[in-house]
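Text of start26.cif (mmCIF, N, CA and C atoms) as supplied:
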```
data_target
loop_
_atom_site.label_atom_id
_atom_site.label_comp_id
_atom_site.auth_asym_id
_atom_site.auth_seq_id
_atom_site.Cartn_x
_atom_site.Cartn_y
_atom_site.Cartn_z
N MET A 1 157.24 213.27 81.43
CA MET A 1 158.47 213.29 80.66
C MET A 1 158.14 212.93 79.21
N SER A 2 158.72 213.66 78.29
CA SER A 2 158.44 213.44 76.88
C SER A 2 159.11 212.16 76.40
N PRO A 3 158.62 211.57 75.30
CA PRO A 3 159.23 210.35 74.77
C PRO A 3 160.69 210.54 74.36
N ALA A 4 161.02 211.71 73.86
CA ALA A 4 162.41 211.97 73.47
C ALA A 4 163.32 211.98 74.69
N MET A 5 162.83 212.58 75.77
CA MET A 5 163.60 212.65 77.01
C MET A 5 163.78 211.25 77.60
N ARG A 6 162.74 210.42 77.55
CA ARG A 6 162.84 209.04 78.03
C ARG A 6 163.90 208.27 77.24
N GLY A 7 163.90 208.49 75.95
CA GLY A 7 164.90 207.81 75.10
C GLY A 7 166.31 208.20 75.47
N ILE A 8 166.52 209.50 75.73
CA ILE A 8 167.85 209.97 76.10
C ILE A 8 168.26 209.40 77.45
N VAL A 9 167.34 209.36 78.40
CA VAL A 9 167.64 208.79 79.73
C VAL A 9 167.96 207.31 79.60
N CYS A 10 167.18 206.58 78.82
CA CYS A 10 167.44 205.14 78.63
C CYS A 10 168.80 204.92 77.96
N LEU A 11 169.13 205.73 76.98
CA LEU A 11 170.42 205.62 76.30
C LEU A 11 171.57 205.89 77.27
N ALA A 12 171.43 206.91 78.09
CA ALA A 12 172.47 207.24 79.08
C ALA A 12 172.64 206.09 80.07
N MET A 13 171.54 205.50 80.52
CA MET A 13 171.64 204.37 81.45
C MET A 13 172.30 203.17 80.78
N PHE A 14 171.94 202.92 79.53
CA PHE A 14 172.54 201.80 78.80
C PHE A 14 174.04 201.97 78.65
N LEU A 15 174.47 203.17 78.28
CA LEU A 15 175.90 203.43 78.11
C LEU A 15 176.65 203.30 79.43
N THR A 16 176.04 203.74 80.51
CA THR A 16 176.67 203.62 81.82
C THR A 16 176.87 202.15 82.19
N VAL A 17 175.84 201.34 82.00
CA VAL A 17 175.92 199.91 82.33
C VAL A 17 176.90 199.21 81.40
N SER A 18 176.87 199.52 80.11
CA SER A 18 177.77 198.84 79.17
C SER A 18 179.22 199.24 79.42
N GLU A 19 179.50 200.46 79.83
CA GLU A 19 180.87 200.88 80.14
C GLU A 19 181.38 200.14 81.38
N THR A 20 180.50 199.89 82.33
CA THR A 20 180.88 199.18 83.55
C THR A 20 181.31 197.76 83.23
N ASN A 21 180.71 197.14 82.23
CA ASN A 21 181.03 195.76 81.88
C ASN A 21 182.06 195.66 80.75
N SER A 22 182.56 196.77 80.28
CA SER A 22 183.46 196.74 79.12
C SER A 22 184.85 196.25 79.49
N HIS A 23 185.62 195.93 78.48
CA HIS A 23 187.01 195.48 78.66
C HIS A 23 187.85 196.59 79.27
N PHE A 24 187.55 197.84 78.93
CA PHE A 24 188.30 198.97 79.48
C PHE A 24 188.20 199.00 81.00
N PHE A 25 187.03 198.78 81.52
CA PHE A 25 186.83 198.79 82.96
C PHE A 25 187.59 197.65 83.62
N LEU A 26 187.65 196.51 82.98
CA LEU A 26 188.32 195.34 83.55
C LEU A 26 189.84 195.50 83.57
N ARG A 27 190.39 196.38 82.73
CA ARG A 27 191.84 196.55 82.68
C ARG A 27 192.39 197.16 83.96
N ILE A 28 191.55 197.75 84.76
CA ILE A 28 191.99 198.34 86.01
C ILE A 28 192.49 197.25 86.96
N ASN A 29 191.91 196.07 86.89
CA ASN A 29 192.22 194.99 87.81
C ASN A 29 193.19 193.99 87.20
N ILE A 30 194.25 194.44 86.57
CA ILE A 30 195.23 193.54 85.97
C ILE A 30 195.99 192.82 87.08
N GLN A 31 196.10 191.50 86.94
CA GLN A 31 196.80 190.70 87.94
C GLN A 31 198.28 190.69 87.64
N ALA A 32 199.05 190.30 88.64
CA ALA A 32 200.50 190.19 88.48
C ALA A 32 200.82 189.12 87.44
N PRO A 33 201.86 189.30 86.65
CA PRO A 33 202.22 188.30 85.64
C PRO A 33 202.64 186.99 86.30
N THR A 34 202.31 185.89 85.63
CA THR A 34 202.62 184.57 86.18
C THR A 34 203.98 184.06 85.75
N ASP A 35 204.51 184.60 84.66
CA ASP A 35 205.84 184.19 84.19
C ASP A 35 206.47 185.33 83.41
N ALA A 36 207.71 185.11 82.99
CA ALA A 36 208.45 186.17 82.29
C ALA A 36 207.76 186.56 80.98
N ASN A 37 207.17 185.60 80.29
CA ASN A 37 206.52 185.90 79.02
C ASN A 37 205.31 186.82 79.24
N ALA A 38 204.50 186.53 80.25
CA ALA A 38 203.35 187.39 80.54
C ALA A 38 203.80 188.79 80.93
N CYS A 39 204.89 188.88 81.66
CA CYS A 39 205.45 190.16 82.05
C CYS A 39 205.88 190.94 80.81
N LYS A 40 206.56 190.27 79.88
CA LYS A 40 207.04 190.93 78.67
C LYS A 40 205.88 191.39 77.78
N VAL A 41 204.81 190.60 77.73
CA VAL A 41 203.64 191.00 76.95
C VAL A 41 203.07 192.30 77.51
N THR A 42 202.99 192.39 78.83
CA THR A 42 202.50 193.61 79.46
C THR A 42 203.43 194.78 79.15
N CYS A 43 204.73 194.53 79.15
CA CYS A 43 205.69 195.59 78.79
C CYS A 43 205.46 196.09 77.37
N GLN A 44 205.30 195.17 76.43
CA GLN A 44 205.12 195.54 75.03
C GLN A 44 203.81 196.29 74.80
N ARG A 45 202.85 196.12 75.71
CA ARG A 45 201.58 196.85 75.64
C ARG A 45 201.61 198.12 76.50
N PHE A 46 202.82 198.54 76.88
CA PHE A 46 203.03 199.75 77.67
C PHE A 46 202.26 199.71 78.99
N GLY A 47 202.26 198.55 79.64
CA GLY A 47 201.58 198.38 80.93
C GLY A 47 202.50 198.59 82.10
N PHE A 48 203.36 199.58 82.01
CA PHE A 48 204.34 199.82 83.07
C PHE A 48 203.67 200.14 84.40
N GLN A 49 202.61 200.93 84.36
CA GLN A 49 201.92 201.30 85.60
C GLN A 49 201.30 200.07 86.26
N ALA A 50 200.72 199.18 85.46
CA ALA A 50 200.14 197.95 86.01
C ALA A 50 201.22 197.08 86.64
N LEU A 51 202.36 196.97 85.96
CA LEU A 51 203.48 196.21 86.53
C LEU A 51 204.05 196.90 87.76
N GLY A 52 203.95 198.23 87.79
CA GLY A 52 204.43 199.00 88.93
C GLY A 52 203.65 198.70 90.20
N LYS A 53 202.39 198.29 90.04
CA LYS A 53 201.61 197.89 91.21
C LYS A 53 202.11 196.56 91.76
N TRP A 54 202.68 195.75 90.90
CA TRP A 54 203.22 194.45 91.30
C TRP A 54 204.62 194.61 91.89
N LYS A 55 205.49 195.31 91.15
CA LYS A 55 206.85 195.59 91.62
C LYS A 55 207.14 197.05 91.34
N PRO A 56 207.50 197.83 92.35
CA PRO A 56 207.67 199.28 92.18
C PRO A 56 208.71 199.69 91.14
N GLU A 57 209.72 198.86 90.86
CA GLU A 57 210.75 199.27 89.91
C GLU A 57 210.23 199.42 88.48
N PHE A 58 209.02 198.90 88.17
CA PHE A 58 208.44 199.03 86.84
C PHE A 58 207.67 200.35 86.67
N LYS A 59 207.34 201.00 87.76
CA LYS A 59 206.43 202.13 87.74
C LYS A 59 206.91 203.29 86.86
N ASP A 60 208.18 203.63 86.90
CA ASP A 60 208.68 204.79 86.17
C ASP A 60 209.28 204.47 84.82
N MET A 61 209.09 203.26 84.33
CA MET A 61 209.67 202.87 83.04
C MET A 61 208.87 203.47 81.89
N THR A 62 209.57 203.71 80.79
CA THR A 62 208.92 204.24 79.59
C THR A 62 209.34 203.48 78.34
N ASN A 63 210.28 202.56 78.48
CA ASN A 63 210.83 201.83 77.33
C ASN A 63 210.50 200.34 77.46
N PRO A 64 209.77 199.76 76.50
CA PRO A 64 209.41 198.35 76.58
C PRO A 64 210.62 197.41 76.61
N THR A 65 211.70 197.77 75.93
CA THR A 65 212.89 196.91 75.90
C THR A 65 213.53 196.83 77.28
N VAL A 66 213.66 197.95 77.95
CA VAL A 66 214.22 197.97 79.30
C VAL A 66 213.29 197.20 80.24
N CYS A 67 212.00 197.36 80.05
CA CYS A 67 211.02 196.67 80.87
C CYS A 67 211.14 195.15 80.70
N CYS A 68 211.33 194.69 79.47
CA CYS A 68 211.48 193.25 79.22
C CYS A 68 212.73 192.70 79.91
N THR A 69 213.79 193.47 79.91
CA THR A 69 215.01 193.06 80.59
C THR A 69 214.75 192.93 82.09
N LYS A 70 213.99 193.86 82.64
CA LYS A 70 213.64 193.81 84.06
C LYS A 70 212.75 192.59 84.35
N CYS A 71 211.90 192.22 83.40
CA CYS A 71 211.08 191.01 83.56
C CYS A 71 211.97 189.77 83.67
N ASP A 72 213.01 189.72 82.82
CA ASP A 72 213.94 188.59 82.89
C ASP A 72 214.61 188.53 84.25
N GLU A 73 214.95 189.69 84.80
CA GLU A 73 215.57 189.72 86.12
C GLU A 73 214.58 189.28 87.20
N ALA A 74 213.34 189.71 87.07
CA ALA A 74 212.33 189.37 88.08
C ALA A 74 212.01 187.88 88.09
N PHE A 75 212.07 187.25 86.92
CA PHE A 75 211.76 185.83 86.83
C PHE A 75 213.01 185.01 86.52
N SER A 76 214.17 185.46 86.94
CA SER A 76 215.42 184.81 86.57
C SER A 76 215.50 183.36 87.01
N GLY A 77 215.06 183.02 88.20
CA GLY A 77 215.11 181.63 88.66
C GLY A 77 214.26 180.73 87.79
N GLU A 78 213.05 181.18 87.46
CA GLU A 78 212.15 180.40 86.63
C GLU A 78 212.70 180.27 85.21
N ALA A 79 213.28 181.35 84.68
CA ALA A 79 213.80 181.33 83.32
C ALA A 79 214.96 180.34 83.20
N LYS A 80 215.81 180.28 84.23
CA LYS A 80 216.93 179.35 84.19
C LYS A 80 216.44 177.91 84.17
N ILE A 81 215.42 177.62 84.95
CA ILE A 81 214.86 176.26 84.98
C ILE A 81 214.29 175.90 83.62
N GLN A 82 213.53 176.82 83.00
CA GLN A 82 212.95 176.56 81.69
C GLN A 82 214.04 176.36 80.64
N THR A 83 215.09 177.16 80.68
CA THR A 83 216.19 177.02 79.73
C THR A 83 216.88 175.68 79.90
N GLN A 84 217.11 175.26 81.13
CA GLN A 84 217.75 173.97 81.37
C GLN A 84 216.87 172.84 80.86
N GLN A 85 215.58 172.93 81.06
CA GLN A 85 214.67 171.89 80.57
C GLN A 85 214.70 171.83 79.05
N MET A 86 214.77 172.98 78.40
CA MET A 86 214.82 172.99 76.94
C MET A 86 216.13 172.40 76.44
N MET A 87 217.22 172.69 77.12
CA MET A 87 218.52 172.18 76.71
C MET A 87 218.62 170.67 76.90
N GLN A 88 217.90 170.12 77.88
CA GLN A 88 217.95 168.70 78.16
C GLN A 88 216.98 167.90 77.29
N ALA A 89 216.13 168.59 76.56
CA ALA A 89 215.14 167.90 75.74
C ALA A 89 215.84 167.11 74.64
N GLU A 90 215.42 165.91 74.49
CA GLU A 90 215.97 165.05 73.45
C GLU A 90 215.11 165.18 72.19
N VAL A 91 215.67 164.80 71.06
CA VAL A 91 214.92 164.78 69.82
C VAL A 91 213.86 163.69 69.93
N ALA A 92 212.64 164.02 69.55
CA ALA A 92 211.55 163.06 69.64
C ALA A 92 211.85 161.88 68.71
N PRO A 93 211.65 160.65 69.16
CA PRO A 93 211.99 159.50 68.33
C PRO A 93 211.17 159.42 67.04
N ALA A 94 209.98 160.00 67.03
CA ALA A 94 209.14 159.93 65.85
C ALA A 94 209.53 160.96 64.79
N MET A 95 210.51 161.82 65.08
CA MET A 95 210.92 162.85 64.13
C MET A 95 211.69 162.22 62.97
N THR A 96 211.37 162.65 61.77
CA THR A 96 212.09 162.17 60.60
C THR A 96 213.28 163.09 60.33
N ALA A 97 214.18 162.64 59.46
CA ALA A 97 215.33 163.46 59.10
C ALA A 97 214.88 164.75 58.43
N GLN A 98 213.83 164.68 57.64
CA GLN A 98 213.31 165.87 56.96
C GLN A 98 212.77 166.90 57.96
N GLN A 99 212.04 166.42 58.98
CA GLN A 99 211.53 167.33 60.00
C GLN A 99 212.68 167.96 60.78
N CYS A 100 213.69 167.19 61.07
CA CYS A 100 214.86 167.68 61.78
C CYS A 100 215.56 168.76 60.95
N LYS A 101 215.73 168.52 59.66
CA LYS A 101 216.37 169.49 58.78
C LYS A 101 215.57 170.79 58.69
N THR A 102 214.25 170.67 58.71
CA THR A 102 213.40 171.86 58.68
C THR A 102 213.65 172.72 59.91
N ILE A 103 213.76 172.09 61.06
CA ILE A 103 214.06 172.83 62.29
C ILE A 103 215.44 173.47 62.20
N CYS A 104 216.39 172.75 61.63
CA CYS A 104 217.74 173.31 61.45
C CYS A 104 217.72 174.57 60.60
N HIS A 105 217.00 174.53 59.50
CA HIS A 105 216.97 175.67 58.59
C HIS A 105 216.16 176.83 59.15
N ARG A 106 215.46 176.60 60.23
CA ARG A 106 214.77 177.68 60.94
C ARG A 106 215.55 178.09 62.18
N PHE A 107 216.81 177.69 62.23
CA PHE A 107 217.74 178.02 63.32
C PHE A 107 217.23 177.56 64.69
N GLY A 108 216.64 176.37 64.73
CA GLY A 108 216.15 175.82 65.99
C GLY A 108 217.04 174.72 66.53
N MET A 109 218.34 174.85 66.32
CA MET A 109 219.29 173.80 66.71
C MET A 109 219.21 173.48 68.21
N LYS A 110 219.09 174.49 69.03
CA LYS A 110 219.10 174.29 70.48
C LYS A 110 217.88 173.48 70.94
N THR A 111 216.80 173.52 70.19
CA THR A 111 215.61 172.77 70.58
C THR A 111 215.71 171.29 70.20
N LEU A 112 216.71 170.93 69.41
CA LEU A 112 216.86 169.54 68.96
C LEU A 112 217.65 168.68 69.94
N GLY A 113 218.17 169.25 70.99
CA GLY A 113 218.85 168.45 72.00
C GLY A 113 220.32 168.79 72.12
N PRO A 114 221.00 168.11 73.05
CA PRO A 114 222.40 168.44 73.35
C PRO A 114 223.36 168.20 72.19
N LYS A 115 223.10 167.25 71.33
CA LYS A 115 224.00 166.98 70.21
C LYS A 115 223.97 168.10 69.18
N PHE A 116 222.90 168.89 69.19
CA PHE A 116 222.75 169.97 68.21
C PHE A 116 223.01 171.35 68.81
N SER A 117 223.07 171.45 70.12
CA SER A 117 223.10 172.77 70.78
C SER A 117 224.34 173.60 70.45
N SER A 118 225.46 172.95 70.12
CA SER A 118 226.67 173.72 69.81
C SER A 118 226.78 174.08 68.32
N ILE A 119 225.89 173.57 67.51
CA ILE A 119 225.92 173.83 66.07
C ILE A 119 225.24 175.17 65.78
N THR A 120 225.88 176.00 64.96
CA THR A 120 225.31 177.30 64.59
C THR A 120 224.99 177.41 63.10
N ASN A 121 225.47 176.48 62.31
CA ASN A 121 225.28 176.52 60.87
C ASN A 121 224.17 175.54 60.49
N PRO A 122 223.13 175.98 59.77
CA PRO A 122 222.04 175.09 59.38
C PRO A 122 222.48 173.89 58.52
N VAL A 123 223.52 174.08 57.70
CA VAL A 123 223.99 172.99 56.84
C VAL A 123 224.63 171.89 57.70
N GLU A 124 225.45 172.30 58.67
CA GLU A 124 226.05 171.33 59.58
C GLU A 124 224.98 170.62 60.40
N CYS A 125 223.98 171.37 60.80
CA CYS A 125 222.87 170.80 61.56
C CYS A 125 222.13 169.75 60.73
N ALA A 126 221.90 170.05 59.46
CA ALA A 126 221.21 169.10 58.58
C ALA A 126 222.03 167.83 58.42
N LYS A 127 223.37 167.95 58.36
CA LYS A 127 224.21 166.76 58.28
C LYS A 127 224.08 165.92 59.55
N GLN A 128 224.00 166.59 60.69
CA GLN A 128 223.81 165.89 61.96
C GLN A 128 222.44 165.20 62.00
N CYS A 129 221.44 165.80 61.37
CA CYS A 129 220.11 165.16 61.28
C CYS A 129 220.21 163.84 60.52
N ASP A 130 221.00 163.84 59.44
CA ASP A 130 221.16 162.60 58.67
C ASP A 130 221.83 161.52 59.52
N VAL A 131 222.79 161.91 60.37
CA VAL A 131 223.46 160.95 61.22
C VAL A 131 222.50 160.42 62.29
N GLU A 132 221.74 161.31 62.90
CA GLU A 132 220.86 160.93 64.02
C GLU A 132 219.61 160.18 63.55
N HIS A 133 219.12 160.49 62.37
CA HIS A 133 217.84 159.92 61.91
C HIS A 133 218.02 159.04 60.66
N ALA A 134 219.15 158.40 60.55
CA ALA A 134 219.42 157.55 59.39
C ALA A 134 218.65 156.25 59.47
#
```
What would you get if you wrote out this structure as structure tokens?
Amino acid sequence: MSPAMRGIVCLAMFLTVSETNSHFFLRINIQAPTDANACKVTCQRFGFQALGKWKPEFKDMTNPTVCCTKCDEAFSGEAKIQTQQMMQAEVAPAMTAQQCKTICHRFGMKTLGPKFSSITNPVECAKQCDVEHA
């Protein structure tokens, strides 16, 4: 065999082995999502077929938004528990009024605890921060 032919054979073998170990090959074995967020990430990456192996209702989807809604339905019990835990979270005692106001102006009122969860206006939220962290 000529040296050029050996080089071509070696290159072909190298490409075959490297393709076997590539990320593309590993995508075939996608595991079922562990939570709603992982499911939604797969939806946004157009992984409907992979999700279809987990739950058949995902198989024929073509729209990531509809798929995300279906993820919420699939993980509805877990999502409710997480939402309840977030709503019950109290403001950390080490938080300053300034840090609280920053969260308010980023519309994170619901994460500040039950006293802030009904507030929708950042200015009102900042006033509540002054009361809570005075």
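Taking CA of Val66 (chain A) and atom N of Val41 (chain A) as the two end points, the separation is 12.1 Å.
Note that the spacing between CA of Ala74 (chain A) and atom N of Gly113 (chain A) amounts to 27.0 Å.
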*For CA of Cys104 (chain A) and CA of Asn37 (chain A), quote the distance in Å rounded to one decimal.*
24.4 Å
*So which residues are close to (220.3, 175.3, 64.1), meaning at most 12 Å away in the file's coordinates with only C-alpha atoms counted, and can you show them as a PyMOL selection string?*
chain A and resi 100-129
*Which neighbours of Gly47 (chain A) fall inside 10 Å, counting only C-alpha atoms, when residues of the same chain fewer than 2 positions from it are skipped, and could you give them as an MDAnalysis selection string?*
chainID A and resid 30 39:45 49:52 58:59 61:62 64 67
*Which residue out of A:Arg6, A:Ala32, A:Glu73, A:Ala134 has the minimum interatomic distance to Lys55 (chain A) when only N, CA and C atoms are used?*
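Distance minimum relative to Lys55 (chain A) lands on A:Ala32.
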*Identify, with DSSP run on backbone atoms, the residues in region 46-131 of chain A assigned to helix (DSSP H, G or I), and express the list as a ChimeraX atom specification.*
/A:48-54,56-58,64-74,76-88,97-105,109-112,122-131
*Between A:Cys71, A:Met13, A:Met5, A:Met95, which is the closest to Thr34 (chain A) once you count only C-alpha atoms?*
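When distances to Thr34 (chain A) are compared using only C-alpha atoms, the smallest one comes from A:Cys71.
Comparing A:Cys68, A:Met1, A:Ala36, A:Cys10 by their smallest distance to Phe48 (chain A), the closest is A:Cys68 (using only C-alpha atoms).
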Quick test: take region 34-46 of chain A, keep all heavy atoms, and write it as a JSON list (two decimals), in the first residue's frame.
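Saved file result-v6.json follows:
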```json
[["chain", "number", "residue", "atom", "x", "y", "z"],
["A", 34, "THR", "N", -35.70, 16.09, 34.13],
["A", 34, "THR", "CA", -35.88, 15.89, 35.56],
["A", 34, "THR", "C", -36.86, 16.87, 36.18],
["A", 34, "THR", "O", -37.38, 16.63, 37.25],
["A", 34, "THR", "CB", -34.53, 16.01, 36.29],
["A", 34, "THR", "OG1", -33.94, 17.28, 35.95],
["A", 34, "THR", "CG2", -33.59, 14.90, 35.87],
["A", 35, "ASP", "N", -37.07, 18.01, 35.51],
["A", 35, "ASP", "CA", -38.02, 19.00, 36.01],
["A", 35, "ASP", "C", -38.57, 19.80, 34.84],
["A", 35, "ASP", "O", -38.19, 19.59, 33.69],
["A", 35, "ASP", "CB", -37.37, 19.91, 37.06],
["A", 35, "ASP", "CG", -36.18, 20.69, 36.52],
["A", 35, "ASP", "OD1", -35.86, 20.56, 35.33],
["A", 35, "ASP", "OD2", -35.58, 21.44, 37.30],
["A", 36, "ALA", "N", -39.50, 20.70, 35.15],
["A", 36, "ALA", "CA", -40.15, 21.49, 34.10],
["A", 36, "ALA", "C", -39.15, 22.36, 33.35],
["A", 36, "ALA", "O", -39.27, 22.53, 32.14],
["A", 36, "ALA", "CB", -41.26, 22.35, 34.70],
["A", 37, "ASN", "N", -38.16, 22.88, 34.05],
["A", 37, "ASN", "CA", -37.17, 23.75, 33.40],
["A", 37, "ASN", "C", -36.36, 22.96, 32.37],
["A", 37, "ASN", "O", -36.14, 23.43, 31.26],
["A", 37, "ASN", "CB", -36.26, 24.39, 34.44],
["A", 37, "ASN", "CG", -35.36, 25.43, 33.83],
["A", 37, "ASN", "OD1", -35.80, 26.26, 33.04],
["A", 37, "ASN", "ND2", -34.09, 25.39, 34.17],
["A", 38, "ALA", "N", -35.92, 21.77, 32.73],
["A", 38, "ALA", "CA", -35.15, 20.94, 31.79],
["A", 38, "ALA", "C", -36.01, 20.58, 30.58],
["A", 38, "ALA", "O", -35.52, 20.54, 29.45],
["A", 38, "ALA", "CB", -34.65, 19.69, 32.50],
["A", 39, "CYS", "N", -37.27, 20.32, 30.81],
["A", 39, "CYS", "CA", -38.20, 20.01, 29.73],
["A", 39, "CYS", "C", -38.33, 21.21, 28.79],
["A", 39, "CYS", "O", -38.27, 21.06, 27.56],
["A", 39, "CYS", "CB", -39.56, 19.62, 30.32],
["A", 39, "CYS", "SG", -40.80, 19.15, 29.11],
["A", 40, "LYS", "N", -38.47, 22.40, 29.35],
["A", 40, "LYS", "CA", -38.62, 23.61, 28.54],
["A", 40, "LYS", "C", -37.35, 23.91, 27.74],
["A", 40, "LYS", "O", -37.42, 24.38, 26.60],
["A", 40, "LYS", "CB", -38.97, 24.80, 29.42],
["A", 40, "LYS", "CG", -40.37, 24.71, 29.99],
["A", 40, "LYS", "CD", -40.65, 25.87, 30.92],
["A", 40, "LYS", "CE", -42.01, 25.74, 31.56],
["A", 40, "LYS", "NZ", -42.29, 26.85, 32.47],
["A", 41, "VAL", "N", -36.19, 23.65, 28.33],
["A", 41, "VAL", "CA", -34.93, 23.85, 27.61],
["A", 41, "VAL", "C", -34.89, 22.94, 26.38],
["A", 41, "VAL", "O", -34.53, 23.37, 25.28],
["A", 41, "VAL", "CB", -33.72, 23.59, 28.53],
["A", 41, "VAL", "CG1", -32.43, 23.51, 27.74],
["A", 41, "VAL", "CG2", -33.62, 24.68, 29.58],
["A", 42, "THR", "N", -35.31, 21.70, 26.55],
["A", 42, "THR", "CA", -35.35, 20.77, 25.42],
["A", 42, "THR", "C", -36.34, 21.26, 24.37],
["A", 42, "THR", "O", -36.07, 21.17, 23.17],
["A", 42, "THR", "CB", -35.72, 19.36, 25.91],
["A", 42, "THR", "OG1", -34.79, 18.97, 26.93],
["A", 42, "THR", "CG2", -35.65, 18.35, 24.78],
["A", 43, "CYS", "N", -37.47, 21.80, 24.80],
["A", 43, "CYS", "CA", -38.45, 22.36, 23.85],
["A", 43, "CYS", "C", -37.83, 23.49, 23.05],
["A", 43, "CYS", "O", -37.99, 23.56, 21.82],
["A", 43, "CYS", "CB", -39.67, 22.89, 24.59],
["A", 43, "CYS", "SG", -40.78, 21.64, 25.24],
["A", 44, "GLN", "N", -37.16, 24.41, 23.72],
["A", 44, "GLN", "CA", -36.58, 25.57, 23.05],
["A", 44, "GLN", "C", -35.47, 25.17, 22.08],
["A", 44, "GLN", "O", -35.13, 25.91, 21.17],
["A", 44, "GLN", "CB", -36.05, 26.58, 24.07],
["A", 44, "GLN", "CG", -37.13, 27.23, 24.89],
["A", 44, "GLN", "CD", -38.12, 28.03, 24.07],
["A", 44, "GLN", "OE1", -37.77, 28.64, 23.08],
["A", 44, "GLN", "NE2", -39.38, 28.01, 24.48],
["A", 45, "ARG", "N", -34.89, 23.99, 22.28],
["A", 45, "ARG", "CA", -33.86, 23.47, 21.37],
["A", 45, "ARG", "C", -34.47, 22.53, 20.33],
["A", 45, "ARG", "O", -33.76, 21.76, 19.70],
["A", 45, "ARG", "CB", -32.78, 22.76, 22.17],
["A", 45, "ARG", "CG", -32.00, 23.72, 23.04],
["A", 45, "ARG", "CD", -30.96, 23.01, 23.85],
["A", 45, "ARG", "NE", -30.25, 23.97, 24.69],
["A", 45, "ARG", "CZ", -29.42, 23.66, 25.65],
["A", 45, "ARG", "NH1", -29.19, 22.39, 25.93],
["A", 45, "ARG", "NH2", -28.84, 24.59, 26.36],
["A", 46, "PHE", "N", -35.79, 22.60, 20.18],
["A", 46, "PHE", "CA", -36.53, 21.80, 19.21],
["A", 46, "PHE", "C", -36.28, 20.30, 19.40],
["A", 46, "PHE", "O", -36.16, 19.55, 18.44],
["A", 46, "PHE", "CB", -36.21, 22.24, 17.77],
["A", 46, "PHE", "CG", -36.67, 23.62, 17.47],
["A", 46, "PHE", "CD1", -35.86, 24.72, 17.69],
["A", 46, "PHE", "CD2", -37.95, 23.84, 17.00],
["A", 46, "PHE", "CE1", -36.30, 26.02, 17.43],
["A", 46, "PHE", "CE2", -38.40, 25.12, 16.73],
["A", 46, "PHE", "CZ", -37.58, 26.21, 16.96]]
```
